[in-house]
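Shown below: protein38.txt, with compact mmCIF, C-alpha atoms.
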```
# COMPACT_ATOMS: atom_id res chain seq x y z
CA GLN A 1 93.56 88.29 90.25
CA GLY A 2 92.03 87.90 93.72
CA THR A 3 92.21 84.07 93.70
CA TRP A 4 94.40 84.02 96.81
CA PRO A 5 93.63 87.31 98.58
CA GLY A 6 95.26 86.27 101.86
CA LEU A 7 98.52 85.38 100.15
CA ALA A 8 98.43 88.54 98.05
CA SER A 9 97.90 90.70 101.14
CA PHE A 10 100.93 89.04 102.75
CA TYR A 11 103.20 89.97 99.84
CA ALA A 12 101.69 93.45 99.63
CA ARG A 13 103.89 94.41 102.59
CA TYR A 14 106.94 94.21 100.32
CA ALA A 15 107.88 97.07 98.05
CA SER A 16 106.92 96.34 94.43
CA GLN A 17 110.57 96.07 93.30
CA HIS A 18 111.26 93.35 95.93
CA ARG A 19 107.99 91.40 95.69
CA ARG A 20 108.88 89.07 92.81
CA LYS A 21 112.24 88.17 94.39
CA SER A 22 110.59 87.39 97.72
CA LEU A 23 107.91 85.27 96.07
CA HIS A 24 110.51 83.33 94.07
CA ARG A 25 112.56 82.67 97.21
CA ASP A 26 109.54 81.42 99.16
CA TRP A 27 108.46 79.23 96.24
CA LEU A 28 111.85 77.49 96.13
CA GLU A 29 111.74 76.93 99.89
CA ALA A 30 108.22 75.48 99.59
CA VAL A 31 109.30 73.09 96.81
CA THR A 32 112.29 71.97 98.90
CA TYR A 33 110.06 71.39 101.90
CA VAL A 34 107.58 69.29 99.93
CA LYS A 35 110.40 67.15 98.51
CA LYS A 36 111.72 66.48 102.00
CA ASN A 37 108.28 65.90 103.50
CA PRO A 38 106.16 64.09 100.90
CA GLY A 39 103.61 62.92 103.47
CA PRO A 40 101.88 59.51 103.71
CA LYS A 41 101.42 57.66 100.43
CA ALA A 42 98.44 55.58 101.51
CA GLY A 43 95.46 55.86 103.80
CA LYS A 44 93.28 58.74 104.63
CA ASN A 45 94.62 62.23 104.70
CA ASN A 46 92.09 64.47 106.35
CA ALA A 47 93.85 67.59 105.23
CA ARG A 48 93.33 66.62 101.61
CA ILE A 49 89.76 65.35 101.68
CA SER A 50 88.26 67.93 104.02
CA PRO A 51 86.98 71.20 102.60
CA THR A 52 88.50 74.37 103.85
CA SER A 53 86.47 76.28 106.39
CA GLU A 54 83.81 78.52 105.01
CA PRO A 55 84.40 82.19 105.71
CA THR A 56 82.47 83.64 108.63
CA THR A 57 80.19 86.58 108.08
CA HIS A 58 81.53 88.58 111.03
CA ALA A 59 78.24 90.44 111.03
CA GLN A 60 75.43 90.01 113.53
CA GLY A 61 72.69 90.54 110.98
CA ASN A 62 74.07 88.14 108.36
CA GLN A 63 75.13 85.01 110.23
CA ALA A 64 72.49 82.89 108.55
CA ASN A 65 74.02 83.49 105.14
CA SER A 66 77.57 82.23 104.64
CA PRO A 67 78.45 81.69 100.96
CA SER A 68 81.33 79.31 100.37
CA THR A 69 82.35 80.66 96.98
CA SER A 70 85.29 82.99 96.61
CA THR A 71 82.93 85.65 95.23
CA GLY A 72 80.79 85.45 98.36
CA ALA A 73 83.85 85.61 100.57
CA GLU A 74 85.10 88.69 98.73
CA HIS A 75 81.78 90.50 99.13
CA GLN A 76 81.88 89.66 102.84
CA TYR A 77 85.37 91.10 103.09
CA ILE A 78 84.35 94.25 101.21
CA ARG A 79 81.38 94.78 103.55
CA THR A 80 83.70 94.42 106.54
CA TRP A 81 85.98 96.97 104.85
CA ARG A 82 82.98 99.30 104.56
CA ASN A 83 82.57 99.00 108.33
CA ALA A 84 86.23 99.93 108.72
CA LEU A 85 85.65 102.94 106.47
CA ARG A 86 82.81 104.08 108.75
CA LEU A 87 85.06 103.73 111.78
CA LYS A 88 88.02 105.54 110.21
CA GLU A 89 86.19 108.43 108.55
CA HIS A 90 86.63 110.65 111.59
CA ALA A 91 90.25 111.02 110.50
CA TYR A 92 89.18 112.96 107.41
CA LEU A 93 88.30 116.45 108.47
CA ASP A 94 85.28 118.39 107.24
CA SER A 95 87.35 120.01 104.51
CA ARG A 96 87.42 119.91 100.74
CA THR A 97 90.39 117.53 100.80
CA GLY A 98 88.91 115.27 103.46
CA LEU A 99 85.55 114.98 101.73
CA ALA A 100 87.22 114.21 98.40
CA ARG A 101 89.26 111.40 99.94
CA ARG A 102 86.13 109.94 101.49
CA MET A 103 84.54 109.90 98.05
CA VAL A 104 87.62 108.32 96.44
CA LEU A 105 87.45 105.54 99.03
CA ARG A 106 83.78 105.00 98.23
CA SER A 107 84.59 104.74 94.54
CA LEU A 108 87.13 102.01 95.31
CA GLY A 109 84.55 100.19 97.42
CA GLU A 110 81.95 100.40 94.67
CA ALA A 111 84.43 99.16 92.06
CA ALA A 112 85.37 96.26 94.35
CA HIS A 113 81.72 95.21 94.71
CA MET A 114 81.18 95.44 90.95
CA THR A 115 84.16 93.18 90.23
CA ALA A 116 83.63 90.94 93.32
CA SER A 117 87.23 91.44 94.38
CA ARG A 118 89.06 93.46 97.02
CA PHE A 119 91.67 94.19 94.32
CA VAL A 120 90.95 97.29 92.23
CA GLU A 121 92.87 98.00 89.02
CA PHE A 122 90.98 100.91 87.49
CA GLY A 123 93.08 103.91 86.56
CA VAL A 124 92.81 107.43 87.93
CA ARG A 125 90.64 108.55 85.00
CA SER A 126 88.05 105.88 85.73
CA ILE A 127 87.96 106.98 89.36
CA ALA A 128 87.80 110.61 88.22
CA ILE A 129 84.60 109.83 86.29
CA ALA A 130 83.17 108.03 89.32
CA THR A 131 83.96 110.86 91.75
CA GLY A 132 83.54 113.98 89.62
CA LEU A 133 87.15 114.96 90.32
CA ASP A 134 90.01 115.64 87.93
CA HIS A 135 92.30 112.64 87.34
CA THR A 136 95.36 114.52 88.64
CA THR A 137 93.49 115.27 91.86
CA VAL A 138 92.50 111.60 92.16
CA GLY A 139 96.15 110.60 91.77
CA SER A 140 97.26 112.87 94.61
CA HIS A 141 94.50 111.55 96.89
CA LEU A 142 95.40 107.93 96.15
CA ARG A 143 99.05 108.58 96.95
CA ALA A 144 98.09 110.16 100.25
CA LEU A 145 95.67 107.34 101.13
CA ARG A 146 98.18 104.56 100.46
CA ASP A 147 100.85 106.36 102.51
CA GLU A 148 98.68 106.49 105.63
CA ASN A 149 99.58 104.45 108.69
CA ASP A 150 96.94 101.72 109.09
CA GLY A 151 95.34 102.94 105.87
CA LEU A 152 92.30 101.55 104.10
CA VAL A 153 94.09 100.85 100.81
CA THR A 154 97.42 99.22 99.93
CA LEU A 155 99.31 99.63 96.67
CA VAL A 156 100.00 96.09 95.45
CA GLU A 157 101.53 96.86 92.08
CA GLU A 158 102.27 100.03 90.14
CA GLY A 159 100.53 100.50 86.80
CA ARG A 160 102.26 99.79 83.52
CA GLY A 161 101.25 100.22 79.91
CA THR A 162 97.51 100.75 79.77
CA LYS A 163 96.96 99.14 83.16
CA GLY A 164 96.28 101.25 86.22
CA ASP A 165 97.83 100.82 89.65
CA LEU A 166 96.61 97.71 91.46
CA TYR A 167 95.16 98.54 94.88
CA MET A 168 93.87 96.27 97.60
CA LEU A 169 91.18 97.27 100.08
CA THR A 170 92.70 96.79 103.51
CA VAL A 171 91.00 96.46 106.89
CA PRO A 172 93.39 98.30 109.27
CA GLU A 173 94.51 96.36 112.33
CA ASP A 174 93.51 99.15 114.73
CA VAL A 175 89.82 98.78 113.79
CA LYS A 176 89.74 95.20 112.51
CA ALA A 177 88.02 93.66 115.54
CA ALA A 178 85.43 96.43 115.71
CA ALA A 179 84.78 96.27 111.95
CA GLU A 180 84.20 92.52 112.14
CA ASP A 181 81.78 92.91 115.05
CA LEU A 182 79.68 95.63 113.44
CA THR A 183 76.53 94.68 111.56
CA TRP A 184 77.02 95.05 107.83
CA GLN A 185 75.40 98.14 106.38
CA LYS A 186 72.50 97.39 104.07
CA GLY A 187 72.33 98.71 100.54
CA LYS A 188 74.95 99.71 98.00
CA ILE A 189 78.00 101.83 98.48
CA HIS A 190 77.98 104.66 95.95
CA ALA A 191 80.65 106.88 94.55
CA MET A 192 79.56 110.33 93.36
CA ARG A 193 76.17 110.11 91.70
CA PRO A 194 75.75 112.65 88.89
CA ILE A 195 73.40 115.10 90.61
CA PHE A 196 75.89 115.67 93.41
CA ARG A 197 78.40 117.10 90.99
CA GLU A 198 76.01 120.06 91.05
CA LEU A 199 74.85 119.91 94.69
CA GLY A 200 78.25 119.17 96.23
CA LEU A 201 79.94 116.53 98.37
CA PRO A 202 78.18 117.40 101.67
CA ALA A 203 74.82 116.78 100.00
CA ALA A 204 76.07 113.43 98.70
CA PHE A 205 77.04 112.28 102.20
CA VAL A 206 73.81 113.55 103.77
CA TYR A 207 71.71 111.78 101.13
CA GLU A 208 73.73 108.60 101.66
CA ALA A 209 73.07 108.71 105.41
CA LEU A 210 69.32 109.08 104.85
CA GLU A 211 69.29 106.22 102.35
CA HIS A 212 70.81 103.84 104.88
CA SER A 213 68.94 105.21 107.93
CA PRO A 214 65.61 106.92 107.13
CA GLY A 215 63.97 109.13 109.75
CA LEU A 216 67.05 110.91 111.08
CA SER A 217 67.06 114.24 112.84
CA THR A 218 69.49 116.96 111.81
CA THR A 219 71.62 116.18 114.87
CA ASP A 220 71.69 112.49 113.95
CA ILE A 221 72.84 113.36 110.43
CA ILE A 222 75.64 115.54 111.76
CA THR A 223 76.81 112.66 113.98
CA LEU A 224 76.69 110.08 111.19
CA THR A 225 78.25 112.17 108.42
CA ARG A 226 80.77 113.99 110.65
CA LEU A 227 79.97 117.20 108.78
CA SER A 228 79.53 120.60 110.31
CA ARG A 229 76.05 121.78 111.27
CA THR A 230 76.26 124.52 108.66
CA ALA A 231 77.17 122.09 105.86
CA VAL A 232 74.40 119.66 106.86
CA SER A 233 71.76 122.39 107.17
CA GLU A 234 72.61 123.85 103.77
CA ALA A 235 72.55 120.41 102.14
CA LEU A 236 69.19 119.58 103.71
CA GLU A 237 67.71 122.90 102.59
CA VAL A 238 68.84 122.50 98.97
CA MET A 239 67.76 118.87 98.65
CA ALA A 240 64.39 119.59 100.28
CA ALA A 241 63.83 122.38 97.75
CA TRP A 242 64.25 119.85 94.93
CA ASN A 243 62.03 117.30 96.69
CA MET A 244 64.89 114.83 97.10
CA ILE A 245 64.21 114.60 100.84
CA ALA A 246 61.32 115.55 103.12
CA ARG A 247 60.75 116.09 106.84
CA ASP A 248 57.84 114.58 108.77
CA ASN A 249 55.91 115.96 111.74
CA LYS A 250 58.56 114.65 114.11
CA ARG A 251 61.15 116.76 112.29
CA SER A 252 62.90 113.64 110.98
CA TRP A 253 64.33 113.55 107.46
CA SER A 254 63.89 110.80 104.87
CA VAL A 255 64.58 110.30 101.16
CA VAL A 256 61.70 110.91 98.72
CA PRO A 257 61.87 107.69 96.64
CA THR A 258 59.73 109.03 93.79
CA THR A 259 62.20 111.80 92.91
CA SER A 260 64.58 110.62 90.19
CA LEU A 261 68.23 111.57 90.69
CA LYS A 262 68.80 110.87 87.00
CA ASP A 263 66.12 113.33 85.92
CA LEU A 264 67.57 116.02 88.17
CA ALA A 265 71.05 115.38 86.77
CA GLU A 266 69.70 115.83 83.25
CA TYR A 267 67.89 119.02 84.28
CA PHE A 268 71.09 120.50 85.70
CA GLY A 269 73.09 119.54 82.59
CA VAL A 270 75.43 117.23 84.50
CA MET A 271 75.38 114.60 81.77
CA GLU A 272 76.87 117.11 79.34
CA ALA A 273 79.74 117.76 81.74
CA VAL A 274 80.36 114.03 82.11
CA ALA A 275 80.28 113.56 78.34
CA ALA A 276 82.89 116.31 77.95
CA GLN A 277 85.12 114.64 80.53
CA LEU A 278 84.74 111.28 78.80
CA HIS A 279 85.58 112.81 75.42
CA ARG A 280 88.74 114.40 76.80
CA TYR A 281 89.88 111.14 78.39
CA ARG A 282 89.10 109.20 75.22
CA ILE A 283 91.43 111.46 73.24
CA GLU A 284 94.12 111.16 75.90
CA ARG A 285 93.80 107.39 75.74
CA ILE A 286 94.30 107.36 71.98
CA LEU A 287 97.38 109.55 72.28
CA TRP A 288 98.78 107.39 75.07
CA LYS A 289 98.32 104.18 73.05
CA GLU A 290 100.00 105.77 70.06
CA TRP A 291 102.97 106.73 72.22
CA LEU A 292 103.18 103.22 73.67
CA SER A 293 103.04 101.60 70.24
CA LYS A 294 106.03 103.69 69.13
CA ASN A 295 108.09 103.44 72.31
CA VAL A 296 107.19 100.10 73.93
CA ASN A 297 107.78 96.70 72.37
CA THR A 298 105.30 94.76 74.51
CA VAL A 299 102.34 94.96 72.13
CA ALA A 300 100.42 92.28 74.03
CA GLU A 301 100.09 94.55 77.02
CA LEU A 302 98.28 97.12 74.91
CA LEU A 303 95.51 94.58 74.38
CA SER A 304 95.06 93.82 78.08
CA PRO A 305 91.40 93.48 79.19
CA GLY A 306 92.17 95.48 82.32
CA GLU A 307 92.66 98.76 80.52
CA ASP A 308 92.49 102.11 82.22
CA TYR A 309 89.62 103.47 80.13
CA PRO A 310 87.00 100.77 79.45
CA TRP A 311 84.09 102.97 78.53
CA GLU A 312 84.08 103.95 74.88
CA ASP A 313 81.72 101.15 73.86
CA PHE A 314 79.18 102.33 76.42
CA GLU A 315 75.84 102.88 74.67
CA GLY A 316 74.18 105.18 77.17
CA PRO A 317 73.15 105.35 80.81
CA PRO A 318 70.80 102.73 82.30
CA ASP A 319 67.55 103.70 84.01
CA GLU A 320 69.26 104.07 87.40
CA TRP A 321 72.33 105.83 86.06
CA ALA A 322 75.41 106.25 88.23
CA LEU A 323 78.86 107.45 87.29
CA ALA A 324 80.20 104.03 88.19
CA ASP A 325 78.30 102.57 85.23
CA LEU A 326 80.49 104.71 83.01
CA ALA A 327 83.71 104.48 84.98
CA PHE A 328 83.83 100.84 85.98
CA ALA A 329 81.91 99.04 83.19
CA ARG A 330 84.13 96.57 81.36
CA SER A 331 84.03 96.44 77.59
CA GLY A 332 83.52 93.08 75.94
```

Translate the structure of the given file into structure tokens.
Amino acid sequence: QGTWPGLASFYARYASQHRRKSLHRDWLEAVTYVKKNPGPKAGKNNARISPTSEPTTHAQGNQANSPSTSTGAEHQYIRTWRNALRLKEHAYLDSRTGLARRMVLRSLGEAAHMTASRFVEFGVRSIAIATGLDHTTVGSHLRALRDENDGLVTLVEEGRGTKGDLYMLTVPEDVKAAAEDLTWQKGKIHAMRPIFRELGLPAAFVYEALEHSPGLSTTDIITLTRLSRTAVSEALEVMAAWNMIARDNKRSWSVVPTTSLKDLAEYFGVMEAVAAQLHRYRIERILWKEWLSKNVNTVAELLSPGEDYPWEDFEGPPDEWALADLAFARSG
């Protein structure tokens, strides 16, 4: 549940079929140790009365703000993970597959922020809604990402019943020190916002770069996004035509804040495509639950709050609509 993330990450190194056995063995050893070493019965015990150390921010621009709650610590960890994502993105080539995996990673980061936990248990269909991809494509990307050496995600537990696979955001050792030294990036991390289902992944990454760093030249954007010059130029041209971005006299690009991404998504009919995808997944969910009810005896698991598809009670998009509001919103 994210209560002990350090301990969970330690056991994540074991294969899922061996994890429970290893945990049970270590628990018995810990109980035996405590029985043999009960500690002093009277007097002060500094280890018991002193609070644990507050987590450090690891970020030059945020050292004045160090929340002591577990939620604050998790958000700090997730922001450090975002730094690691920036450092590791060069490994994903400027290809359809590489760009899709970058977006899947962003969807996991967004879900982690929304739940205040580095552990993400949303199924492939939820991530498909958040990324604009098909759920089978999402599944193949997740398998590839978790199989990487020094990857950014770790499979903690395989999904069962209506629960999705449990993933943990991981800061790889080869970039850990650099990720902790980098200043945290301001603003939100977004998965695929609706309009970019129409304009494409390169446009999504270019727009993201301009949101975080206004006033960039075309060359700067190419360096930040690691996209080809052709892809960046085409994305800039299309978005400028729809007044999403504009260039000043110094030939620097910035986002036009008065242009609504939601309105453009409605104009292009993207919401209808999302609704169709949601409807298809809703039917698949019903069929899957019916199969489980006939073939699985563990009825309690069917009522788990961490279900794969938590969106059917959603009443409509908010003013600043993002696919994550559909994909990652939890029903009551």

Within 12 Å of Ala8 in chain A using all atoms listed in the file, minus same-chain residues under 6 positions, as a list in words: Gln1, Gly2, Tyr14, Arg19, Arg20, Leu23, Arg118, Phe119, Thr154, Leu155, Val156, Glu157, Leu166, Tyr167, Met168, Leu169 and Thr170 of chain A

Convert the current residue selection to file output with C-alpha atoms, as a PDB file, in the frame of the given file.
```pdb
ATOM      1  CA  GLN A   1      93.560  88.290  90.250  1.00  0.00           C
ATOM      2  CA  GLY A   2      92.030  87.900  93.720  1.00  0.00           C
ATOM      3  CA  TYR A  14     106.940  94.210 100.320  1.00  0.00           C
ATOM      4  CA  ARG A  19     107.990  91.400  95.690  1.00  0.00           C
ATOM      5  CA  ARG A  20     108.880  89.070  92.810  1.00  0.00           C
ATOM      6  CA  LEU A  23     107.910  85.270  96.070  1.00  0.00           C
ATOM      7  CA  ARG A 118      89.060  93.460  97.020  1.00  0.00           C
ATOM      8  CA  PHE A 119      91.670  94.190  94.320  1.00  0.00           C
ATOM      9  CA  THR A 154      97.420  99.220  99.930  1.00  0.00           C
ATOM     10  CA  LEU A 155      99.310  99.630  96.670  1.00  0.00           C
ATOM     11  CA  VAL A 156     100.000  96.090  95.450  1.00  0.00           C
ATOM     12  CA  GLU A 157     101.530  96.860  92.080  1.00  0.00           C
ATOM     13  CA  LEU A 166      96.610  97.710  91.460  1.00  0.00           C
ATOM     14  CA  TYR A 167      95.160  98.540  94.880  1.00  0.00           C
ATOM     15  CA  MET A 168      93.870  96.270  97.600  1.00  0.00           C
ATOM     16  CA  LEU A 169      91.180  97.270 100.080  1.00  0.00           C
ATOM     17  CA  THR A 170      92.700  96.790 103.510  1.00  0.00           C
TER      18      THR A 170
END
```

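Note that the spacing between CA of Asp165 in chain A and CA of Gly151 in chain A amounts to 16.5 Å.
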
If you measure from CA of Gly200 in chain A to CA of Ile129 in chain A, what distance in Å do you get, rounded to one decimal? 15.0 Å

Which residue, A:Pro172, A:Gly159, A:Pro202, A:Gly98, has the smallest gap to Ala84 in chain A when you use all atoms listed in the file?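 Closest candidate: A:Pro172.
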
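Going from CA of Leu216 in chain A over to CA of Leu236 in chain A, you cover 11.6 Å.
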
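With distances taken over all atoms listed in the file, A:Gly164 is the one residue among A:Thr97, A:Glu211, A:Gly164, A:Asn149 lying closest to Phe122 in chain A.
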
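Of the listed residues (A:Lys176, A:His190, A:His135, A:Lys35), A:His135 comes nearest to Leu278 in chain A; the distances count only C-alpha atoms.
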